[in-house]
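This is data_29.csv (CSV, C-alpha atoms and all ligand atoms).
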chain,number,residue,atom,x,y,z
A,1,MET,CA,29.6,0.9,-15.4
A,2,HIS,CA,29.2,0.0,-11.8
A,3,ARG,CA,29.8,3.6,-10.8
A,4,ILE,CA,27.1,4.9,-13.2
A,5,LYS,CA,24.6,2.5,-11.7
A,6,VAL,CA,25.3,3.6,-8.2
A,7,ARG,CA,24.9,7.2,-9.2
A,8,VAL,CA,21.5,6.5,-10.8
A,9,VAL,CA,20.3,4.8,-7.6
A,10,GLU,CA,21.5,7.8,-5.5
A,11,ASP,CA,19.8,10.3,-7.8
A,12,VAL,CA,16.5,8.3,-7.6
A,13,LEU,CA,16.7,8.3,-3.8
A,14,ASP,CA,17.6,12.0,-3.7
A,15,ALA,CA,14.5,12.8,-5.8
A,16,ASN,CA,12.4,10.6,-3.5
A,17,ASN,CA,13.7,12.4,-0.4
A,18,THR,CA,12.8,15.8,-1.8
A,19,ILE,CA,9.2,14.7,-2.4
A,20,ALA,CA,9.1,13.0,1.0
A,21,ARG,CA,10.0,16.3,2.6
A,22,ALA,CA,7.1,18.0,0.8
A,23,ASN,CA,4.8,15.3,2.1
A,24,ARG,CA,6.1,15.8,5.6
A,25,GLN,CA,5.5,19.5,5.4
A,26,ASP,CA,1.9,18.8,4.3
A,27,PHE,CA,1.4,16.3,7.2
A,28,ASP,CA,3.0,18.8,9.7
A,29,ARG,CA,0.7,21.6,8.5
A,30,ALA,CA,-2.3,19.4,9.1
A,31,GLY,CA,-1.0,18.3,12.5
A,32,VAL,CA,-0.9,14.7,11.4
A,33,ARG,CA,1.7,12.2,12.6
A,34,VAL,CA,2.6,9.4,10.1
A,35,VAL,CA,3.8,5.9,10.7
A,36,ASN,CA,5.2,3.8,7.8
A,37,LEU,CA,4.3,0.2,8.6
A,38,MET,CA,6.4,-2.4,6.7
A,39,SER,CA,6.8,-6.2,6.6
A,40,ALA,CA,7.1,-9.2,4.4
A,41,PRO,CA,3.8,-10.4,2.8
A,42,GLY,CA,1.6,-12.2,5.2
A,43,ALA,CA,3.3,-11.1,8.4
A,44,GLY,CA,0.0,-9.8,9.7
A,45,LYS,CA,0.1,-6.0,9.3
A,46,THR,CA,-3.6,-5.7,8.4
A,47,ALA,CA,-4.7,-8.2,11.0
A,48,LEU,CA,-2.8,-6.1,13.7
A,49,LEU,CA,-4.3,-2.9,12.4
A,50,GLU,CA,-7.8,-4.5,12.5
A,51,ARG,CA,-7.3,-5.1,16.2
A,52,ALA,CA,-5.2,-2.2,17.2
A,53,LEU,CA,-7.2,0.5,15.5
A,54,ALA,CA,-10.6,-0.7,16.9
A,55,ASP,CA,-10.3,1.7,19.8
A,56,THR,CA,-7.8,4.5,19.7
A,57,GLY,CA,-9.6,6.7,22.2
A,58,ASP,CA,-9.6,10.4,21.2
A,59,VAL,CA,-6.8,9.9,18.7
A,60,ARG,CA,-8.3,9.9,15.2
A,61,VAL,CA,-6.6,7.5,12.8
A,62,GLY,CA,-6.6,7.0,9.1
A,63,VAL,CA,-5.0,4.4,7.0
A,64,LEU,CA,-3.3,4.5,3.6
A,65,GLU,CA,-3.3,0.9,2.3
A,66,GLY,CA,-0.5,0.2,-0.2
A,67,ASP,CA,-0.8,-2.9,-2.4
A,68,VAL,CA,0.2,-3.9,-5.8
A,69,GLU,CA,-3.3,-4.6,-6.8
A,70,GLY,CA,-6.8,-4.9,-5.3
A,71,SER,CA,-8.4,-3.6,-2.2
A,72,LEU,CA,-8.6,-6.7,0.0
A,73,ASP,CA,-6.8,-5.1,3.0
A,74,ALA,CA,-8.7,-1.8,2.7
A,75,ASP,CA,-12.0,-3.8,2.6
A,76,ARG,CA,-11.0,-5.5,5.8
A,77,LEU,CA,-10.6,-2.2,7.6
A,78,THR,CA,-13.9,-0.7,6.5
A,79,SER,CA,-15.6,-2.1,9.6
A,80,LEU,CA,-13.5,0.2,11.7
A,81,HIS,CA,-15.3,3.2,10.3
A,82,ILE,CA,-12.2,5.2,9.9
A,83,PRO,CA,-10.8,6.9,6.7
A,84,VAL,CA,-9.1,4.2,4.6
A,85,VAL,CA,-7.6,5.0,1.2
A,86,GLN,CA,-6.3,2.3,-1.1
A,87,LEU,CA,-3.2,3.0,-3.1
A,88,ASN,CA,-2.4,0.5,-5.8
A,89,THR,CA,1.0,0.5,-7.3
A,90,ALA,CA,-0.3,-1.3,-10.4
A,91,ASN,CA,-2.3,1.9,-11.3
A,92,GLY,CA,0.3,4.1,-13.1
A,93,PHE,CA,3.3,3.1,-11.0
A,94,GLY,CA,4.4,0.0,-12.8
A,95,GLY,CA,3.3,-2.4,-10.1
A,96,GLU,CA,6.1,-1.4,-7.9
A,97,CYS,CA,7.0,-3.6,-4.9
A,98,HIS,CA,7.2,-0.7,-2.5
A,99,LEU,CA,5.6,2.7,-1.9
A,100,ASP,CA,7.6,5.8,-2.7
A,101,ALA,CA,7.1,9.5,-1.8
A,102,ASN,CA,5.6,10.3,-5.1
A,103,MET,CA,2.9,7.6,-4.8
A,104,VAL,CA,2.0,8.8,-1.4
A,105,ARG,CA,1.9,12.4,-2.7
A,106,SER,CA,-0.6,11.3,-5.4
A,107,SER,CA,-2.9,10.0,-2.7
A,108,LEU,CA,-2.8,13.0,-0.4
A,109,ALA,CA,-5.9,14.7,-1.9
A,110,ALA,CA,-7.9,11.6,-1.1
A,111,ILE,CA,-6.9,11.5,2.6
A,112,PRO,CA,-8.9,13.8,4.9
A,113,LEU,CA,-5.9,15.1,6.8
A,114,GLU,CA,-7.9,17.7,8.7
A,115,GLU,CA,-10.0,14.9,10.2
A,116,ILE,CA,-7.2,12.7,11.5
A,117,ASP,CA,-4.3,12.9,14.0
A,118,LEU,CA,-2.4,9.8,12.9
A,119,LEU,CA,-2.0,8.3,9.5
A,120,VAL,CA,-0.8,4.7,9.3
A,121,ILE,CA,0.7,3.9,5.9
A,122,GLU,CA,0.6,0.1,5.4
A,123,ASN,CA,3.4,-0.4,2.9
A,124,VAL,CA,3.5,-3.1,0.2
A,125,GLY,CA,4.6,-6.5,1.7
A,126,ASN,CA,8.3,-6.7,1.0
A,127,LEU,CA,11.3,-6.8,3.3
A,128,VAL,CA,13.7,-5.2,0.8
A,129,CYS,CA,13.0,-1.9,-1.0
A,130,PRO,CA,10.3,-0.3,1.2
A,131,ALA,CA,13.1,0.3,3.7
A,132,GLU,CA,14.9,2.5,1.1
A,133,PHE,CA,12.1,4.9,0.3
A,134,ARG,CA,11.1,7.6,2.8
A,135,VAL,CA,7.5,8.7,2.2
A,136,GLY,CA,7.3,11.6,4.6
A,137,GLU,CA,6.7,9.6,7.8
A,138,ASP,CA,7.5,10.5,11.4
A,139,ALA,CA,8.3,7.0,12.5
A,140,ARG,CA,8.8,3.6,11.0
A,141,ALA,CA,7.7,0.2,12.3
A,142,MET,CA,8.0,-3.3,10.9
A,143,VAL,CA,6.2,-6.5,11.6
A,144,CYS,CA,8.1,-9.8,11.6
A,145,SER,CA,6.1,-13.0,12.2
A,146,VAL,CA,7.8,-15.9,13.9
A,147,ALA,CA,6.6,-18.1,11.0
A,148,GLU,CA,9.3,-16.3,8.9
A,149,GLY,CA,12.1,-17.8,10.9
A,150,ASP,CA,14.5,-16.4,13.4
A,151,ASP,CA,17.2,-15.5,10.8
A,152,LYS,CA,15.3,-12.7,9.1
A,153,PRO,CA,17.1,-9.8,10.8
A,154,LEU,CA,20.4,-11.1,9.6
A,155,LYS,CA,19.1,-11.6,6.0
A,156,TYR,CA,17.3,-8.3,5.6
A,157,PRO,CA,19.3,-6.0,8.0
A,158,LEU,CA,18.4,-2.7,6.3
A,159,MET,CA,14.7,-3.2,7.0
A,160,PHE,CA,15.3,-4.0,10.7
A,161,ARG,CA,17.8,-1.1,11.0
A,162,ALA,CA,15.4,1.4,9.3
A,163,CYS,CA,12.7,1.0,11.9
A,164,GLU,CA,12.2,2.3,15.4
A,165,LEU,CA,9.9,-0.6,16.4
A,166,ALA,CA,9.9,-4.3,15.5
A,167,VAL,CA,6.6,-6.1,16.2
A,168,ILE,CA,7.2,-9.8,16.5
A,169,ASN,CA,3.8,-11.2,15.5
A,170,LYS,CA,2.1,-14.7,15.5
A,171,ILE,CA,3.7,-15.6,18.8
A,172,ASP,CA,0.7,-18.0,19.2
A,173,LEU,CA,2.5,-20.2,16.6
A,174,LEU,CA,5.8,-20.5,18.5
A,175,ASP,CA,5.0,-24.1,19.5
A,176,HIS,CA,4.4,-25.0,15.9
A,177,VAL,CA,7.3,-23.5,14.0
A,178,ASP,CA,11.0,-24.0,14.2
A,179,ALA,CA,11.8,-20.3,15.0
A,180,ASP,CA,13.6,-19.8,18.3
A,181,LEU,CA,12.3,-16.5,19.9
A,182,ASP,CA,15.4,-15.9,21.9
A,183,LYS,CA,17.5,-16.3,18.8
A,184,LEU,CA,15.2,-14.0,16.8
A,185,LEU,CA,15.5,-11.3,19.5
A,186,ALA,CA,19.3,-11.7,19.7
A,187,ASN,CA,19.5,-11.4,15.9
A,188,LEU,CA,17.3,-8.3,16.0
A,189,GLN,CA,19.6,-6.6,18.6
A,190,THR,CA,22.7,-7.6,16.6
A,191,VAL,CA,21.5,-5.7,13.5
A,192,HIS,CA,19.8,-2.8,15.4
A,193,PRO,CA,21.1,-2.5,19.0
A,194,GLY,CA,18.5,-1.0,21.3
A,195,ILE,CA,15.6,-1.3,18.9
A,196,GLU,CA,12.3,-1.4,20.7
A,197,HIS,CA,10.2,-4.6,20.1
A,198,LEU,CA,6.8,-5.9,21.0
A,199,LEU,CA,5.5,-9.5,21.1
A,200,THR,CA,2.1,-9.9,19.6
A,201,SER,CA,-0.5,-12.2,18.3
A,202,ALA,CA,-3.1,-10.5,16.1
A,203,ARG,CA,-5.0,-13.8,16.2
A,204,THR,CA,-5.4,-14.0,20.0
A,205,GLY,CA,-5.0,-10.3,20.7
A,206,GLU,CA,-2.0,-10.9,23.0
A,207,GLY,CA,0.3,-7.8,23.1
A,208,VAL,CA,-1.9,-5.8,20.6
A,209,ASP,CA,-2.6,-3.2,23.4
A,210,GLY,CA,1.1,-2.4,23.4
A,211,PHE,CA,1.1,-1.9,19.6
A,212,ARG,CA,-1.9,0.4,19.9
A,213,ASP,CA,-0.2,2.4,22.7
A,214,TRP,CA,2.9,2.8,20.6
A,215,LEU,CA,0.9,4.0,17.6
A,216,VAL,CA,-1.2,6.4,19.6
A,217,SER,CA,1.8,7.7,21.5
A,218,ARG,CA,3.3,8.9,18.1
A,219,VAL,CA,0.8,11.7,18.2
A,220,ARG,CA,2.3,13.1,21.4
A,221,SER,CA,6.0,12.2,21.0
A,222,PRO,CA,8.6,14.1,19.0
A,223,ALA,CA,9.3,12.9,15.5
A,224,THR,CA,12.1,10.4,15.2
A,225,ALA,CA,12.4,9.7,11.5
B,1,MG,MG,-1.9,-6.0,4.4
B,2,ZN,ZN,10.3,-2.2,-4.5
Would you mind writing the structure in this file as structure tokens?
Ligand code: MG
Ligand code: ZN
Amino acid sequence: MHRIKVRVVEDVLDANNTIARANRQDFDRAGVRVVNLMSAPGAGKTALLERALADTGDVRVGVLEGDVEGSLDADRLTSLHIPVVQLNTANGFGGECHLDANMVRSSLAAIPLEEIDLLVIENVGNLVCPAEFRVGEDARAMVCSVAEGDDKPLKYPLMFRACELAVINKIDLLDHVDADLDKLLANLQTVHPGIEHLLTSARTGEGVDGFRDWLVSRVRSPATA
């Protein structure tokens, strides 16, 4: 019984990877680099993007907003005057708690790939399954806010291992929460030795330049994912 279940999961991920490769070929053909941005709900992905994407110089950015329902996050980004496409997993995808390659593929026609250099895919807020599904991205980043506690890398190691960058957000709250930043960073290195990290506050703007630079530099660096 257990073996059959494992087999089914492997087949699902194999099928997903095949579609992810097709997405990647389409992105490559259009010369678009893609970042899969993940986090728990409320870690501040959208707030970081609001600040970081306000001025990306000559790098043209678009966003694919993944949410179970609604367009609250996409609406927040409209003031940036960049292409933003909302992808709801409640519409025909069973309200899934993550994006998969097929969902992203279904959105490709709506994304003006020829007009952008970088696509940021804001995944559904969830520290578990988004890490398991490649969507055709070149790089993966995750946001962990200090309000979530310093133990999260140990509790959700796959997410922290799957990403090349961990953005530690809401550092303006460090005096008000019990999380110990040194412990959080040590736990991060334990589960993913050598992972790059940034300290940010989307609220005050501290460290957001570093996140913007990391995003923009994807356009010029070799693919890592
Ligand atoms: Mg969001
Ligand atoms: Zn899920």
Residues within 12 Å of ligand ZN 2 (chain B) (only C-alpha atoms and all ligand atoms), as a PyMOL selection string? chain A and resi 38+40+66-68+89+93-100+123-133
Show which residues sit within 7 Å of Asn36 of chain A, as a ChimeraX atom specification. Count all atoms listed in the file, and ignore same-chain residues fewer than 2 positions away. /A:34,38,120-123,137,139-141
Neighbours of ligand MG 1 (chain B) within 7 Å, counting only C-alpha atoms and all ligand atoms, as a VMD selection string? chain A and resid 44 to 46 73 122
Anything within 12 Å of (14.1, -8.8, 6.8): list those residues as a count of residues only, counting all atoms listed in the file and sticking to the file's coordinates. 40
Calculated over all atoms listed in the file, which of the candidates A:Glu65, A:Glu114, A:Asp75, A:Asp138 has the smallest distance to Arg220 of chain A?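 That would be A:Asp138, the residue with the smallest distance to Arg220 of chain A.
For Asp55 of chain A, the residues within 10 Å (counting only C-alpha atoms, excluding itself and residues fewer than 4 positions away along the chain) are Glu50, Arg51, Val59, Arg60, Val61, Leu80, Asp209 and Arg212 of chain A.
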If you measure from atom CA of Lys5 of chain A to atom CA of Ala101 of chain A, what distance in Å do you get, rounded to one decimal? 21.3 Å
Proximity to Leu199 of chain A - best of A:Met103, A:Val219, A:Leu181, A:Ala52, only C-alpha atoms: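 Once distances to Leu199 of chain A are computed over only C-alpha atoms, the minimum belongs to A:Leu181.
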Got a sec: who's within 12 Å of Ala109 of chain A, counting all atoms listed in the file, leaving out chain neighbours fewer than 2 positions off, as a compact mmCIF listing (two decimals) with C-alpha atoms, in the coordinates of the input?
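Written out: out-v6.txt:
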# COMPACT_ATOMS: atom_id res chain seq x y z
CA ASN A 23 4.80 15.30 2.10
CA ASP A 26 1.90 18.80 4.30
CA PHE A 27 1.40 16.30 7.20
CA LEU A 64 -3.30 4.50 3.60
CA VAL A 85 -7.60 5.00 1.20
CA MET A 103 2.90 7.60 -4.80
CA VAL A 104 2.00 8.80 -1.40
CA ARG A 105 1.90 12.40 -2.70
CA SER A 106 -0.60 11.30 -5.40
CA SER A 107 -2.90 10.00 -2.70
CA ILE A 111 -6.90 11.50 2.60
CA PRO A 112 -8.90 13.80 4.90
CA LEU A 113 -5.90 15.10 6.80
CA GLU A 114 -7.90 17.70 8.70
What's the separation between atom CA of Asn102 of chain A and atom CA of Val35 of chain A, in Å to one decimal place?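 Atom CA of Val35 of chain A lies at a distance of 16.5 Å from atom CA of Asn102 of chain A.
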Name all residues at most 12 Å from Ser221 of chain A (count all atoms listed in the file; drop same-chain ones fewer than 2 positions away) and give them as an mmCIF file with C-alpha atoms, in the coordinates of the input.
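The resulting file, out-v7.cif, is shown below:
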data_model
loop_
_atom_site.group_PDB
_atom_site.id
_atom_site.type_symbol
_atom_site.label_atom_id
_atom_site.label_comp_id
_atom_site.auth_asym_id
_atom_site.auth_seq_id
_atom_site.Cartn_x
_atom_site.Cartn_y
_atom_site.Cartn_z
ATOM 1 C CA ARG A 33 1.700 12.200 12.600
ATOM 2 C CA VAL A 34 2.600 9.400 10.100
ATOM 3 C CA LEU A 118 -2.400 9.800 12.900
ATOM 4 C CA ASP A 138 7.500 10.500 11.400
ATOM 5 C CA ALA A 139 8.300 7.000 12.500
ATOM 6 C CA ASP A 213 -0.200 2.400 22.700
ATOM 7 C CA TRP A 214 2.900 2.800 20.600
ATOM 8 C CA LEU A 215 0.900 4.000 17.600
ATOM 9 C CA VAL A 216 -1.200 6.400 19.600
ATOM 10 C CA SER A 217 1.800 7.700 21.500
ATOM 11 C CA ARG A 218 3.300 8.900 18.100
ATOM 12 C CA VAL A 219 0.800 11.700 18.200
ATOM 13 C CA ALA A 223 9.300 12.900 15.500
ATOM 14 C CA THR A 224 12.100 10.400 15.200
ATOM 15 C CA ALA A 225 12.400 9.700 11.500
#
